[in-house]
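> Quick one, upload_32.txt (compact mmCIF, C-alpha atoms):
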# COMPACT_ATOMS: atom_id res chain seq x y z
CA MET C 266 0.00 0.00 0.00
CA GLN C 267 1.13 3.54 -0.70
CA GLN C 268 2.09 5.63 2.28
CA LYS C 269 1.08 9.07 3.39
CA SER C 270 2.12 10.21 6.81
CA LEU C 271 -0.51 12.00 8.86
CA ALA C 272 -0.08 14.44 11.72
CA ILE C 273 -3.18 15.10 13.79
CA LEU C 274 -2.96 18.45 15.49
CA ASN C 275 -5.14 18.44 18.59
CA SER C 276 -6.02 21.94 19.77
CA SER C 277 -9.25 21.34 21.64
CA SER C 278 -9.64 20.60 25.33
CA SER C 279 -10.70 17.14 26.51
CA PHE C 280 -14.46 17.56 26.35
CA ASP C 281 -14.82 20.41 23.84
CA ARG C 282 -17.56 19.24 21.47
CA THR C 283 -16.43 15.90 19.95
CA GLN C 284 -13.07 17.15 18.68
CA GLY C 285 -10.76 14.87 20.66
CA ARG C 286 -12.80 11.74 19.99
CA ASP C 287 -13.19 12.41 16.29
CA ALA C 288 -9.47 13.05 15.96
CA LEU C 289 -8.69 9.82 17.80
CA ASP C 290 -10.98 7.80 15.51
CA ILE C 291 -9.05 9.13 12.52
CA ALA C 292 -5.75 8.22 14.16
CA LEU C 293 -6.98 4.66 14.81
CA ILE C 294 -8.17 4.13 11.25
CA PHE C 295 -5.02 5.52 9.62
CA GLY C 296 -3.00 3.32 11.96
CA SER C 297 -5.10 0.30 10.98
CA TYR C 298 -4.31 1.03 7.33
CA GLU C 299 -0.61 0.99 8.15
CA GLN C 300 -0.08 4.68 7.56
CA ARG C 301 2.35 6.60 9.75
CA VAL C 302 0.30 8.65 12.21
CA ALA C 303 1.41 11.01 14.93
CA LEU C 304 -0.63 12.93 17.49
CA PHE C 305 0.40 16.51 18.20
CA PHE C 306 -1.00 18.45 21.15
CA GLN C 307 -0.93 22.24 21.06
CA GLY C 308 -2.85 25.00 22.87
CA GLU C 309 -5.89 23.72 24.78
CA GLY C 310 -5.26 20.34 23.19
CA VAL C 311 -2.60 19.62 25.81
CA ARG C 312 -5.40 19.17 28.35
CA GLN C 313 -6.22 15.83 26.71
CA LEU C 314 -2.98 14.45 28.17
CA VAL C 315 -3.47 15.57 31.76
CA ASN C 316 -3.49 12.73 34.27
CA ARG C 317 -6.38 11.84 36.61
CA GLN C 318 -9.27 13.24 34.56
CA GLN C 319 -12.60 11.57 35.34
CA ALA C 320 -14.86 11.67 32.33
CA ASP C 321 -17.56 9.54 33.94
CA ILE C 322 -18.36 12.23 36.52
CA ILE C 323 -19.74 14.44 33.75
CA GLN C 324 -21.18 11.50 31.74
CA ALA C 325 -18.57 11.98 29.03
CA LYS C 326 -17.17 9.04 27.09
CA ASP C 327 -13.73 8.23 28.51
CA TYR C 328 -11.97 8.24 25.13
CA LEU C 329 -8.75 9.36 26.85
CA ALA C 330 -8.40 5.77 28.13
CA THR C 331 -8.15 4.64 24.50
CA PHE C 332 -4.89 6.60 24.07
CA SER C 333 -3.12 3.81 25.97
CA ALA C 334 -4.22 1.35 23.27
CA LEU C 335 -2.63 3.40 20.46
CA PRO C 336 0.39 1.08 20.13
CA PHE C 337 -2.00 -1.74 19.14
CA TYR C 338 -3.07 0.48 16.23
CA ASP C 339 0.57 1.19 15.39
CA VAL C 340 0.31 4.80 16.50
CA GLU C 341 3.57 5.31 18.35
CA GLU C 342 4.35 9.02 18.07
CA ILE C 343 2.89 11.54 20.48
CA TYR C 344 4.24 15.08 20.70
CA VAL C 345 3.30 17.90 23.00
CA CYS C 346 4.30 21.55 22.92
CA GLN C 347 6.22 22.59 26.04
CA HIS C 348 5.23 26.23 25.53
CA SER C 349 1.52 25.29 25.65
CA LEU C 350 2.09 23.35 28.89
CA THR C 351 4.00 26.22 30.52
CA ASP C 352 1.31 28.71 29.46
CA ARG C 353 -1.24 26.66 31.38
CA ALA C 354 0.88 25.93 34.45
CA LEU C 355 0.81 22.23 33.53
CA THR C 356 3.52 19.68 34.25
CA THR C 357 4.31 16.51 32.33
CA ASP C 358 2.10 14.45 34.64
CA PHE C 359 0.34 12.66 31.76
CA HIS C 360 -1.99 9.66 31.72
CA LEU C 361 0.15 7.87 29.16
CA ASP C 362 3.79 7.09 28.59
CA ASN C 363 5.97 7.79 25.60
CA VAL C 364 4.91 11.39 25.15
CA SER C 365 7.68 13.52 23.66
CA VAL C 366 7.73 17.04 25.02
CA LEU C 367 9.15 19.44 22.44
CA SER C 368 10.06 23.11 22.56
CA ALA C 369 7.81 25.32 20.42
CA GLY C 370 10.47 25.42 17.71
CA ASP C 371 11.05 21.67 17.62
CA PHE C 372 7.31 21.03 17.76
CA ALA C 373 6.84 23.13 14.62
CA LYS C 374 9.74 21.44 12.87
CA LYS C 375 8.51 17.95 13.75
CA LEU C 376 5.10 18.78 12.30
CA GLN C 377 6.76 19.71 9.02
CA GLN C 378 7.97 16.14 8.54
CA PHE C 379 4.48 14.89 7.79
CA ASP C 380 2.77 14.78 4.41
CA MET C 381 -0.56 15.90 5.71
CA VAL C 382 -2.00 17.62 8.78
CA LEU C 383 -5.55 17.47 10.09
CA ARG C 384 -6.50 19.74 12.96
CA PHE C 385 -9.22 19.15 15.55
CA MET A 38 -2.06 14.88 -12.50
CA GLN A 39 -2.63 17.11 -9.49
CA SER A 40 -5.63 16.11 -7.44
CA LEU A 41 -7.50 17.18 -4.34
CA ALA A 42 -9.66 15.53 -1.71
CA PHE A 43 -11.82 17.53 0.68
CA ILE A 44 -13.07 16.89 4.20
CA ILE A 45 -16.19 18.85 5.12
CA THR A 46 -16.89 19.25 8.84
CA THR A 47 -19.16 22.29 8.84
CA SER A 48 -22.95 22.23 9.04
CA PRO A 49 -25.04 23.11 5.96
CA LEU A 50 -26.26 26.21 7.82
CA ASP A 51 -22.72 27.53 8.31
CA ASN A 52 -21.61 30.14 5.77
CA ARG A 53 -18.21 28.44 5.63
CA THR A 54 -19.94 25.59 3.81
CA VAL A 55 -20.75 28.04 0.99
CA THR A 56 -17.04 28.85 0.83
CA SER A 57 -16.20 25.15 0.65
CA ILE A 58 -18.64 24.49 -2.18
CA ASN A 59 -17.35 27.50 -4.11
CA LEU A 60 -13.77 26.39 -3.54
CA ILE A 61 -14.44 22.87 -4.83
CA THR A 62 -16.24 24.34 -7.83
CA ALA A 63 -13.31 26.66 -8.49
CA ALA A 64 -10.90 23.73 -8.40
CA LEU A 65 -13.00 21.87 -10.96
CA HIS A 66 -13.21 24.95 -13.21
CA ASN A 67 -9.41 25.08 -13.09
CA ASN A 68 -9.26 21.49 -14.34
CA ILE A 69 -8.01 20.18 -11.03
CA LYS A 70 -9.16 16.65 -10.38
CA VAL A 71 -11.29 16.31 -7.24
CA LEU A 72 -11.14 12.68 -6.11
CA GLY A 73 -13.88 12.99 -3.56
CA VAL A 74 -15.43 14.82 -0.67
CA PHE A 75 -15.63 13.17 2.75
CA PHE A 76 -18.26 14.47 5.17
CA TYR A 77 -17.30 14.15 8.82
CA GLN A 78 -18.57 15.48 12.17
CA GLN A 79 -21.35 18.07 11.68
CA GLY A 80 -20.59 17.96 7.99
CA VAL A 81 -22.73 14.86 7.56
CA CYS A 82 -25.83 17.04 8.03
CA ASN A 83 -25.23 18.33 4.51
CA ALA A 84 -26.67 15.02 3.31
CA ASN A 85 -29.96 15.42 5.15
CA LYS A 86 -32.63 15.74 2.49
CA ASP A 87 -35.28 16.79 5.02
CA ILE A 88 -33.65 20.09 5.88
CA ILE A 89 -35.85 22.95 4.76
CA ILE A 90 -34.27 26.30 4.07
CA ALA A 91 -36.28 29.34 2.93
CA SER A 92 -36.17 29.75 -0.84
CA ASP A 93 -34.41 33.12 -0.67
CA GLU A 94 -31.42 31.55 1.11
CA PHE A 95 -28.48 29.51 -0.11
CA GLN A 96 -29.48 25.88 -0.75
CA PRO A 97 -26.49 23.76 0.23
CA LEU A 98 -28.06 20.43 -0.74
CA LYS A 99 -28.92 21.75 -4.20
CA ALA A 100 -25.32 22.89 -4.58
CA TRP A 101 -23.94 19.48 -3.59
CA GLN A 102 -26.37 17.79 -5.99
CA ASN A 103 -25.21 20.04 -8.82
CA LEU A 104 -21.56 19.31 -8.07
CA GLN A 105 -22.10 15.59 -7.94
CA GLN A 106 -24.26 15.43 -11.06
CA LYS A 107 -22.19 17.78 -13.18
CA TYR A 108 -18.74 16.46 -12.26
CA ASP A 109 -19.51 12.99 -10.95
CA ILE A 110 -17.61 13.55 -7.70
CA PRO A 111 -18.06 10.93 -4.98
CA LEU A 112 -19.63 12.45 -1.87
CA HIS A 113 -18.80 10.14 1.02
CA LEU A 114 -20.65 10.21 4.30
CA CYS A 115 -19.04 8.84 7.47
CA VAL A 116 -21.41 6.06 8.61
CA THR A 117 -20.80 6.48 12.32
CA ALA A 118 -21.27 10.24 12.19
CA GLY A 119 -24.38 9.67 10.06
CA GLU A 120 -25.84 7.35 12.68
CA LYS A 121 -25.11 9.82 15.47
CA HIS A 122 -26.89 12.54 13.53
CA GLY A 123 -30.00 10.43 12.89
CA LEU A 124 -29.42 10.03 9.17
CA ILE A 125 -29.27 6.24 9.24
CA VAL A 126 -32.01 4.13 10.76
CA GLU A 127 -31.63 0.36 11.01
CA GLU A 128 -28.77 0.31 8.54
CA GLN A 129 -30.92 2.14 5.96
CA GLN A 130 -30.15 5.55 4.52
CA ALA A 131 -33.15 7.12 6.20
CA ASN A 132 -33.07 10.73 5.11
CA ILE A 133 -29.87 10.85 3.12
CA ASP A 134 -30.05 12.32 -0.35
CA ASP A 135 -29.19 9.93 -3.19
CA VAL A 136 -26.09 11.82 -4.33
CA PHE A 137 -24.29 10.78 -1.13
CA THR A 138 -22.59 7.43 -0.53
CA LEU A 139 -22.30 5.80 2.89
CA SER A 140 -18.65 5.08 3.63
CA GLY A 141 -16.41 4.18 6.51
CA LEU A 142 -13.43 6.21 7.63
CA GLY A 143 -11.34 3.78 5.55
CA GLU A 144 -12.55 5.71 2.51
CA LEU A 145 -10.93 8.82 3.95
CA VAL A 146 -7.65 6.94 4.21
CA GLU A 147 -7.91 5.87 0.55
CA LEU A 148 -8.73 9.43 -0.58
CA SER A 149 -5.86 10.81 1.48
CA ILE A 150 -3.35 8.40 -0.01
CA GLN A 151 -4.44 9.10 -3.57
CA ALA A 152 -4.91 12.87 -3.49
CA THR A 153 -2.00 15.23 -4.02
CA ARG A 154 -3.44 17.47 -1.28
CA VAL A 155 -6.16 16.94 1.31
CA ILE A 156 -8.06 20.05 2.31
CA GLN A 157 -9.95 20.01 5.61
CA LEU A 158 -12.82 22.49 5.68
CA MET W 245 9.20 22.12 3.38
CA SER W 246 6.39 24.65 3.19
CA THR W 247 2.86 24.93 4.51
CA LEU W 248 -0.10 26.99 3.37
CA HIS W 249 -2.17 28.00 6.39
CA LEU W 250 -5.86 28.56 5.77
CA MET W 251 -7.03 30.90 8.51
CA ARG W 252 -10.83 30.88 8.87
CA THR W 253 -11.24 32.44 12.32
CA SER W 254 -10.88 35.91 13.77
CA ALA W 255 -8.08 36.40 16.30
CA TYR W 256 -10.42 38.80 18.07
CA GLN W 257 -12.56 35.76 18.95
CA GLN W 258 -10.22 32.75 19.08
CA ASN W 259 -6.50 32.19 19.40
CA ASP W 260 -6.04 30.08 16.27
CA LEU W 261 -3.91 32.81 14.72
CA THR W 262 -1.52 32.80 17.68
CA GLN W 263 -1.10 29.04 17.40
CA CYS W 264 -0.66 29.29 13.66
CA LEU W 265 2.08 31.90 14.06
CA ASP W 266 3.80 29.63 16.62
CA LEU W 267 4.13 27.02 13.87
CA LEU W 268 4.95 29.40 11.03
CA GLN W 269 8.15 28.54 9.17
CA ALA W 270 10.19 30.61 6.74
CA ASN W 271 8.61 29.20 3.58
CA ASP W 272 5.00 29.24 4.81
CA ALA W 273 2.19 31.54 3.77
CA ILE W 274 -1.17 32.44 5.29
CA VAL W 275 -4.50 32.81 3.51
CA LEU W 276 -7.24 34.71 5.30
CA LEU W 277 -10.67 33.47 4.34
CA ASP W 278 -14.13 33.63 5.88
CA ASP W 279 -13.86 35.29 9.33
CA GLY W 280 -10.10 35.05 9.00
CA CYS W 281 -10.39 38.30 7.00
CA TYR W 282 -10.96 40.19 10.24
CA ASN W 283 -7.30 39.56 11.00
CA LEU W 284 -6.35 42.11 8.33
CA SER W 285 -6.32 44.74 11.07
CA HIS W 286 -5.01 42.54 13.89
CA HIS W 287 -1.72 43.55 15.48
CA LEU W 288 -0.44 39.96 15.27
CA LEU W 289 -0.36 40.31 11.50
CA THR W 290 0.32 44.02 11.09
CA ALA W 291 3.43 43.73 13.28
CA ASN W 292 6.23 42.61 10.94
CA ILE W 293 5.34 39.18 9.61
CA SER W 294 7.64 38.59 6.69
CA ASN W 295 5.74 35.60 5.27
CA PRO W 296 3.34 36.16 2.39
CA ILE W 297 -0.24 36.84 3.45
CA TYR W 298 -3.19 36.51 1.10
CA HIS W 299 -6.84 37.25 1.68
CA ILE W 300 -9.92 36.27 -0.27
CA ASN W 301 -11.10 39.56 -1.70
CA GLU W 302 -14.80 38.75 -1.80
CA HIS W 303 -14.74 37.52 1.81
CA ALA W 304 -13.10 40.73 3.00
CA ILE W 305 -15.46 42.96 1.01
CA ALA W 306 -18.50 41.08 2.37
CA ARG W 307 -17.27 41.94 5.87
CA ALA W 308 -16.42 45.58 5.08
CA MET W 309 -12.82 44.76 5.85
CA LEU W 310 -10.08 46.78 4.18
CA ASP W 311 -6.42 45.96 4.04
CA GLN W 312 -5.54 49.41 5.31
CA LYS W 313 -1.98 48.58 6.31
CA LYS W 314 -1.33 46.81 3.00
CA ILE W 315 -0.13 43.65 4.67
CA SER W 316 -1.87 41.23 2.37
CA GLN W 317 -2.36 40.38 -1.27
CA ALA W 318 -5.98 40.13 -2.40
CA ILE W 319 -6.87 37.01 -4.38
CA THR W 320 -10.19 35.54 -5.43
CA LEU W 321 -11.47 32.23 -4.10
CA ALA W 322 -11.10 30.90 -7.64
CA GLU W 323 -7.35 31.49 -7.44
CA LEU W 324 -6.95 29.55 -4.20
CA PRO W 325 -6.95 25.92 -5.46
CA ALA W 326 -3.84 26.51 -7.59
CA LEU W 327 -2.02 27.80 -4.48
CA PHE W 328 -2.56 24.46 -2.70
CA PHE W 329 -0.03 22.83 -4.99
CA THR W 330 2.68 25.43 -4.59
CA PHE W 331 3.09 24.38 -0.93
CA ASP W 332 3.92 20.95 0.46
CA LYS W 333 0.83 20.84 2.61
CA VAL W 334 -2.20 22.77 3.77
CA ILE W 335 -3.32 23.26 7.38
CA THR W 336 -6.76 24.64 8.10
CA TRP W 337 -7.41 26.76 11.17
CA GLN W 338 -11.11 26.86 11.97
CA MET M 163 -35.24 -5.77 22.75
CA THR M 164 -34.50 -7.87 25.79
CA LEU M 165 -32.84 -11.10 26.79
CA THR M 166 -34.50 -13.17 29.49
CA PHE M 167 -32.16 -14.73 32.03
CA ASN M 168 -33.41 -16.29 35.27
CA ASN M 169 -36.68 -14.38 34.88
CA GLN M 170 -34.67 -11.20 34.66
CA GLN M 171 -35.02 -8.90 31.65
CA ILE M 172 -31.70 -7.70 30.22
CA GLU M 173 -31.97 -4.89 27.69
CA THR M 174 -30.19 -5.12 24.35
CA ASP M 175 -30.13 -3.12 21.15
CA LYS M 176 -31.82 -4.39 17.99
CA GLN M 177 -28.83 -6.49 17.04
CA GLY M 178 -28.56 -8.12 20.44
CA TYR M 179 -25.73 -6.13 22.02
CA LEU M 180 -26.20 -5.45 25.75
CA LEU M 181 -27.15 -1.86 26.48
CA ASP M 182 -25.31 -1.96 29.82
CA TYR M 183 -22.01 -3.83 29.68
CA GLN M 184 -21.95 -4.01 33.48
CA GLN M 185 -24.89 -6.44 33.48
CA TRP M 186 -22.75 -9.06 31.78
CA HIS M 187 -21.71 -12.32 33.39
CA GLU M 188 -20.48 -15.64 32.01
CA GLU M 189 -23.82 -17.42 31.94
CA LEU M 190 -25.30 -14.51 30.01
CA ALA M 191 -22.47 -14.96 27.52
CA LEU M 192 -23.58 -18.56 27.00
CA LEU M 193 -27.09 -17.36 26.26
CA ILE M 194 -25.91 -14.77 23.72
CA ALA M 195 -23.60 -17.32 22.12
CA GLU M 196 -26.52 -19.75 21.76
CA LYS M 197 -28.46 -17.10 19.86
CA GLU M 198 -25.41 -16.72 17.63
CA GLN M 199 -25.40 -20.49 17.15
CA LEU M 200 -21.98 -20.83 18.71
CA THR M 201 -20.86 -23.45 21.21
CA LEU M 202 -18.20 -21.86 23.34
CA THR M 203 -14.94 -23.71 23.74
CA PRO M 204 -12.01 -22.65 25.94
CA ALA M 205 -10.52 -21.08 22.80
CA HIS M 206 -13.63 -18.91 22.44
CA TRP M 207 -13.49 -17.93 26.09
CA GLU M 208 -9.89 -16.90 25.76
CA VAL M 209 -10.87 -14.38 23.08
CA ILE M 210 -14.06 -13.26 24.81
CA ASN M 211 -12.25 -12.54 28.06
CA PHE M 212 -9.45 -10.84 26.18
CA VAL M 213 -11.83 -8.56 24.28
CA ARG M 214 -13.70 -7.72 27.45
CA ASN M 215 -10.53 -6.85 29.32
CA PHE M 216 -9.38 -4.76 26.36
CA TYR M 217 -12.61 -2.79 26.57
CA LEU M 218 -12.42 -2.38 30.35
CA SER M 219 -8.86 -1.03 30.06
CA TYR M 220 -9.18 1.13 26.96
CA LYS M 221 -12.94 1.89 26.73
CA LYS M 222 -12.98 0.77 23.13
CA SER M 223 -13.85 -2.53 21.47
CA PRO M 224 -10.80 -3.48 19.41
CA ALA M 225 -10.95 -3.68 15.63
CA ILE M 226 -9.53 -6.87 14.15
CA ARG M 227 -6.02 -5.58 13.57
CA ALA M 228 -5.67 -4.10 17.02
CA LEU M 229 -7.13 -7.28 18.48
CA THR M 230 -4.61 -9.53 16.77
CA LYS M 231 -1.74 -7.24 17.68
CA ALA M 232 -2.78 -7.10 21.32
CA MET M 233 -3.34 -10.89 21.42
CA LYS M 234 0.07 -11.49 19.96
CA ALA M 235 1.66 -9.86 22.98
CA GLU M 236 -0.31 -12.13 25.30
CA PHE M 237 -0.77 -15.46 23.50
CA GLY M 238 1.94 -15.52 20.85
CA GLU M 239 1.93 -15.76 17.10
CA GLU M 240 -0.33 -18.76 16.39
CA LYS M 241 -3.45 -17.19 17.92
CA ALA M 242 -2.70 -13.68 16.73
CA ASN M 243 -4.07 -13.88 13.23
CA SER M 244 -7.43 -13.16 11.74
CA ARG M 245 -7.83 -16.64 10.23
CA TYR M 246 -7.73 -18.19 13.69
CA LEU M 247 -10.20 -15.63 15.01
CA TYR M 248 -12.61 -15.99 12.07
CA ARG M 249 -12.63 -19.75 12.55
CA LEU M 250 -13.85 -19.18 16.11
CA PHE M 251 -16.23 -16.35 15.23
CA PRO M 252 -17.40 -16.84 11.63
CA GLN M 253 -19.55 -13.69 11.60
CA GLY M 254 -16.50 -11.60 12.38
CA PRO M 255 -14.51 -11.60 15.63
CA ALA M 256 -14.94 -7.89 16.28
CA LYS M 257 -18.73 -8.06 15.86
CA GLN M 258 -19.39 -11.43 17.43
CA ALA M 259 -16.86 -11.63 20.24
CA THR M 260 -17.80 -8.15 21.50
CA LYS M 261 -21.48 -9.11 21.47
CA ILE M 262 -20.86 -12.26 23.50
CA ALA M 263 -18.54 -10.30 25.78
CA GLY M 264 -21.44 -7.96 26.53
CA LEU M 265 -19.80 -4.91 24.98
CA PRO M 266 -21.27 -2.12 22.84
CA LYS M 267 -21.41 -2.68 19.10
CA PRO M 268 -18.10 -1.58 17.60
CA ALA M 269 -18.27 1.49 15.37
CA ARG M 270 -18.74 0.37 11.79
CA CYS M 271 -15.95 2.44 10.40
CA ILE M 272 -13.28 1.42 12.94
If you convert what's in this file into structure tokens, what do you get?

Amino acid sequence: MQQKSLAILNSSSSFDRTQGRDALDIALIFGSYEQRVALFFQGEGVRQLVNRQQADIIQAKDYLATFSALPFYDVEEIYVCQHSLTDRALTTDFHLDNVSVLSAGDFAKKLQQFDMVLRF
Amino acid sequence: MQSLAFIITTSPLDNRTVTSINLITAALHNNIKVLGVFFYQQGVCNANKDIIIASDEFQPLKAWQNLQQKYDIPLHLCVTAGEKHGLIVEEQQANIDDVFTLSGLGELVELSIQATRVIQL
Amino acid sequence: MSTLHLMRTSAYQQNDLTQCLDLLQANDAIVLLDDGCYNLSHHLLTANISNPIYHINEHAIARAMLDQKKISQAITLAELPALFFTFDKVITWQ
Amino acid sequence: MTLTFNNQQIETDKQGYLLDYQQWHEELALLIAEKEQLTLTPAHWEVINFVRNFYLSYKKSPAIRALTKAMKAEFGEEKANSRYLYRLFPQGPAKQATKIAGLPKPARCI
């Protein structure tokens, strides 16, 4: 199969409309089709990585739990913008491992490596 | 040959959808191949044939029909999003206009691989 | 590598433009369309951005927006599809 | 739609998937499997329990590829292929195993 690498740029907070879930579904399907997929978290999107969120309390679907299954869909690359974390007084206390924290400059450069970017 | 694929996420009532339709039309007028349009999120509502819009306003469904009939462009509807928006009842295309095709997200992967550029709108 | 950024939101309402500028690389360009045309007067753009900026003329006119500081090149929507291919990829901000 | 178990009514959707995955137990699985015309062997149970645990951990029913990849880590190569899984669940492992495991119907596009 031909290859096209996809970067998904997540800029919406955890429960903002259906943005995070819809982005994740796209990541899973591209992964299933053996395309290179990476998740990027910028701006409010970084909130999707924060540890100890409890979706069930607000009757929201806990799609954040699915992030831990990403390796089974061959999605191995997760990048987060340090500048966005600092802006929000957030640490790297994430609910999943293998997140690469990049400076704003490196984050932008990493994004350039992909053939296509979808933003949610 | 240069080609495009489009993802439409905006509702038919959103003026940005007018922009998207005009943009796709412009591409076709410039002899750019459009491999397909994939409707995702709120965008699936564009396929709802029961939406009634006053006759003095822009008719998005009419515009999609024209595009599909004139240029034979596949208009793919995400099944899961369609179900969530009440467009599919018991596996039947309940109120989906005939110019649209029910597809899985896999179709988006295929379009993305084939198209020179994918434009998310 | 180069990216064409399609900016569809007003920086007076959302911070998409700020995030876009954070990612902006030397060979990138920005197109203002839809409500993105309101950014024609925004200080984020009027303060020395050296990248090319385009705006969709009809979208700006519809919103009574003028490019008073001459920061942007007016194009029609019909001219936009050809631009997609002169960049390596397109990112939409909406 | 409902399933009747020990005079208790268990709600399902039109295709027979439980509406509340927390109502599931092993005897209920036998009842659902019977409706699917499947006789459950230990090999079936291995998959059913695996799929259920996958869902409980990740809040998502696995698609076939993810299922085989995850099973490979646990059971090794010979059970981690779709041929093996289709032999156990002829209507499709994702569809059928999740139904018997009491999980929501997997999204059609993933």
> Taking all atoms listed in the file into account, which residues of chain W are within 12 Å of chain A, as a PyMOL selection string?
chain W and resi 247-253+277-280+300+302-303+306+320-338
> Go through C:Ala325, C:Val302, C:Leu271, C:Leu367 and flag the residue nearest chain M, using all atoms listed in the file for the distances.
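Residue with the minimum atom-to-atom distance to chain M: C:Ala325.
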> Compile the contact shell of segment 279-295 of chain C as a list in words: residues with an atom at most 6 Å away, counting all atoms listed in the file, same-chain residues fewer than 5 positions apart removed.
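Contacts, with the query itself left out: Gln300, Arg312, Gln313, Tyr338 and Phe385 of chain C.
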> Could those residues be written to a file, using C-alpha atoms, as a PDB file, in the frame of the given file?

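Output saved as result.pdb:
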ATOM      1  CA  GLN C 300      -0.080   4.680   7.560  1.00  0.00           C
ATOM      2  CA  ARG C 312      -5.400  19.170  28.350  1.00  0.00           C
ATOM      3  CA  GLN C 313      -6.220  15.830  26.710  1.00  0.00           C
ATOM      4  CA  TYR C 338      -3.070   0.480  16.230  1.00  0.00           C
ATOM      5  CA  PHE C 385      -9.220  19.150  15.550  1.00  0.00           C
TER       6      PHE C 385
END
> Within 7 Å of chain C, which residues of chain A show up? Give each one with its shortest atom-to-atom distance in Å (one decimal) and the two atoms involved, counting all atoms listed in the file, rows by chain then rising residue number, as JSON lines.

{"residue": "A:Leu142", "atom": "CA", "partner": "C:Ile294", "partner_atom": "CA", "distance": 6.7}
{"residue": "A:Gly143", "atom": "CA", "partner": "C:Ile294", "partner_atom": "CA", "distance": 6.5}
{"residue": "A:Val146", "atom": "CA", "partner": "C:Phe295", "partner_atom": "CA", "distance": 6.2}
{"residue": "A:Ile150", "atom": "CA", "partner": "C:Lys269", "partner_atom": "CA", "distance": 5.6}
{"residue": "A:Gln157", "atom": "CA", "partner": "C:Leu383", "partner_atom": "CA", "distance": 6.8}
> Using only C-alpha atoms, which of M:Ala242, M:Leu250, M:Ala228, M:Met233 sits nearest chain C?
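Between M:Ala242, M:Leu250, M:Ala228, M:Met233, the residue approaching chain C most closely is M:Ala228.
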> Show me, as a VMD selection string, the residues that have an atom within 10 Å of segment 352-360 of chain C when counting all atoms listed in the file, minus same-chain residues fewer than 3 positions from it.
chain C and resid 308 to 309 311 to 318 329 to 330 332 to 333 345 347 to 349 363 to 366
> Write out as a list in words the residues lying within 12 Å of His287 of chain W, counting all atoms listed in the file and excluding same-chain residues fewer than 4 positions away.
Ala255, Tyr256, Leu261, Thr262, Tyr282, Asn283, Ala291, Asn292, Ile293, Lys313 and Ile315 of chain W
> Applying 10 Å and all atoms listed in the file, which residues near His187 of chain M remain after dropping the ones on its own chain fewer than 3 positions away? List them as a tab-separated table (two decimals) with C-alpha atoms, in the frame of the given file.

chain	number	residue	atom	x	y	z
M	183	TYR	CA	-22.01	-3.83	29.68
M	184	GLN	CA	-21.95	-4.01	33.48
M	190	LEU	CA	-25.30	-14.51	30.01
M	191	ALA	CA	-22.47	-14.96	27.52
M	192	LEU	CA	-23.58	-18.56	27.00
M	262	ILE	CA	-20.86	-12.26	23.50
M	263	ALA	CA	-18.54	-10.30	25.78
M	264	GLY	CA	-21.44	-7.96	26.53
> May I have the residues within 12 Å of segment 82-92 of chain A as a short mmCIF file (atom, residue, chain, number, x, y, z; two decimals) with C-alpha atoms, in the coordinates of the input, using all atoms listed in the file and disregarding those fewer than 6 positions away in the same chain?

data_model
loop_
_atom_site.label_atom_id
_atom_site.label_comp_id
_atom_site.auth_asym_id
_atom_site.auth_seq_id
_atom_site.Cartn_x
_atom_site.Cartn_y
_atom_site.Cartn_z
CA ILE A 45 -16.19 18.85 5.12
CA THR A 46 -16.89 19.25 8.84
CA THR A 47 -19.16 22.29 8.84
CA SER A 48 -22.95 22.23 9.04
CA PRO A 49 -25.04 23.11 5.96
CA LEU A 50 -26.26 26.21 7.82
CA ASP A 51 -22.72 27.53 8.31
CA THR A 54 -19.94 25.59 3.81
CA VAL A 55 -20.75 28.04 0.99
CA SER A 57 -16.20 25.15 0.65
CA ILE A 58 -18.64 24.49 -2.18
CA VAL A 74 -15.43 14.82 -0.67
CA PHE A 75 -15.63 13.17 2.75
CA PHE A 76 -18.26 14.47 5.17
CA LEU A 98 -28.06 20.43 -0.74
CA LYS A 99 -28.92 21.75 -4.20
CA ALA A 100 -25.32 22.89 -4.58
CA TRP A 101 -23.94 19.48 -3.59
CA GLN A 102 -26.37 17.79 -5.99
CA LEU A 112 -19.63 12.45 -1.87
CA HIS A 113 -18.80 10.14 1.02
CA LEU A 114 -20.65 10.21 4.30
CA CYS A 115 -19.04 8.84 7.47
CA VAL A 116 -21.41 6.06 8.61
CA ALA A 118 -21.27 10.24 12.19
CA GLY A 119 -24.38 9.67 10.06
CA GLU A 120 -25.84 7.35 12.68
CA LYS A 121 -25.11 9.82 15.47
CA HIS A 122 -26.89 12.54 13.53
CA GLY A 123 -30.00 10.43 12.89
CA LEU A 124 -29.42 10.03 9.17
CA ILE A 125 -29.27 6.24 9.24
CA GLN A 130 -30.15 5.55 4.52
CA ALA A 131 -33.15 7.12 6.20
CA ASN A 132 -33.07 10.73 5.11
CA ILE A 133 -29.87 10.85 3.12
CA ASP A 134 -30.05 12.32 -0.35
CA ASP A 135 -29.19 9.93 -3.19
CA VAL A 136 -26.09 11.82 -4.33
CA PHE A 137 -24.29 10.78 -1.13
CA THR A 138 -22.59 7.43 -0.53
CA LEU A 139 -22.30 5.80 2.89
#
